[in-house]
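*Asks:* Below: one structure in structure tokens.
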Amino acid sequence: MAQNLRGALVGFCNPLLDISAVVDDSLLAEYKLKANDAIMASPEHLPLFQTLIDKHNALFLPGGSAQNTLRGAQRLLPEDSAVFFGAVGNDEN
């Protein structure tokens, strides 16, 4: 008989939003970014978000250490084994 693991793995953290897109070097240079890097966005990056949405087919992915860990664990564990708690703001995305 299979063990019931529903909600067995619980994560608490500040959820982040990862944005992934394929862009050219000129866009990276414009915003002083490096390829395959992760940054915490600042006010000078605000125009970049709309550019990524409009021109680069941006992917919006859940991020943050707990979310990333739980997402990976949920692929390995039975359905509904991982539970995440966090809070987000109220914006258009």
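Residues are named by chain letter and number: chains run A, B, ... in the order of the structure tokens, numbers start at 1 in each chain, and ligands are numbered from 1 in the order shown.
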Do a neighbour search on Asn36 of chain A at 12 Å with only C-alpha atoms, toss out local chain neighbours closer than 6 positions, and write the hits as a list in words.
*Replies:*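 These residues fall inside the cut-off: Ile19, Ser20, Ala21, Val22, Val23, Asp24, Asp25 and Leu28 of chain A.
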*Asks:* Looking only at the backbone, which of the residues in chain A does DSSP tag as strand (DSSP E or B), as a list in words?
*Replies:*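 These are the residues in question: Leu9, Val10, Gly11, Phe12, Leu16, Leu17, Asp18, Ile19, Ser20, Leu59, Phe60, Leu61, Pro62, Gly63, Ala82, Val83, Phe84 and Phe85 of chain A.
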*Asks:* Using only C-alpha atoms, please write the residues we just selected to a file, as a compact mmCIF listing (two decimals), in the first residue's frame.
*Replies:*
```
# COMPACT_ATOMS: atom_id res chain seq x y z
CA LEU A 9 6.59 18.71 2.40
CA VAL A 10 5.82 22.32 3.37
CA GLY A 11 7.74 25.42 2.30
CA PHE A 12 7.53 29.01 3.57
CA LEU A 16 9.79 35.59 -6.33
CA LEU A 17 8.93 35.84 -10.00
CA ASP A 18 11.60 34.62 -12.39
CA ILE A 19 11.45 36.06 -15.90
CA SER A 20 13.22 34.13 -18.64
CA LEU A 59 8.30 33.25 -19.58
CA PHE A 60 7.14 34.01 -16.04
CA LEU A 61 8.13 31.26 -13.62
CA PRO A 62 7.70 30.85 -9.88
CA GLY A 63 10.97 31.52 -8.10
CA ALA A 82 4.30 19.62 -1.59
CA VAL A 83 2.60 22.72 -0.17
CA PHE A 84 3.86 26.30 -0.44
CA PHE A 85 2.96 29.32 1.72
```
*Asks:* Pull the helix (DSSP H, G or I) assignments for chain A out of DSSP run on the backbone, and list those residues as a count of residues only.
*Replies:* 31
*Asks:* As an exercise, work out the distance from atom CA of Lys32 of chain A to atom CA of Gln50 of chain A in Å and give it to one decimal place.
*Replies:*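 For atom CA of Lys32 of chain A relative to atom CA of Gln50 of chain A, the distance reads 16.9 Å.
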*Asks:* List the neighbours of Arg6 of chain A out to 8 Å using only C-alpha atoms; skip same-chain residues closer than 5 positions along the sequence, and give me the result as JSON, numbers by chain.
*Replies:* {"A": [78, 79, 80, 81, 82]}
*Asks:* Quick one: residues within 12 Å of Ser42 of chain A, only C-alpha atoms, excluding same-chain residues fewer than 4 positions away - as a list in words?
*Replies:*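 Those residues are Tyr31, Lys32, Leu46, Pro47, Leu48 and Phe49 of chain A.
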*Asks:* Between A:Ala35, A:Leu70, A:Asn90, A:Ser65, which residue has the minimum interatomic distance to Asn14 of chain A, considering only C-alpha atoms?
*Replies:*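 Ranking A:Ala35, A:Leu70, A:Asn90, A:Ser65 by distance to Asn14 of chain A, first place goes to A:Ser65.
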*Asks:* Have a look at atom CA of Asp54 of chain A and atom CA of Lys34 of chain A and let me know their distance in Å, one decimal.
*Replies:*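 Atom CA of Asp54 of chain A sits 20.8 Å away from atom CA of Lys34 of chain A.
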*Asks:* Would you work out the distance separating atom CA of Gln67 of chain A from atom CA of Leu27 of chain A, expressed in Å to one decimal?
*Replies:*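 About the pair atom CA of Gln67 of chain A and atom CA of Leu27 of chain A: they are 28.4 Å apart.
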*Asks:* For Ala66 of chain A, which of A:Met40, A:Ala8, A:Cys13, A:Leu52 is the closest residue, counting only C-alpha atoms?
*Replies:* A:Cys13
*Asks:* Let me make sure I understand: among A:Ala87, A:Leu77, A:Ala29, A:Ala41, which one has the smallest atom-to-atom distance to Gln3 of chain A if we use only C-alpha atoms?
*Replies:*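 So, comparing all the options, the nearest one is A:Leu77.
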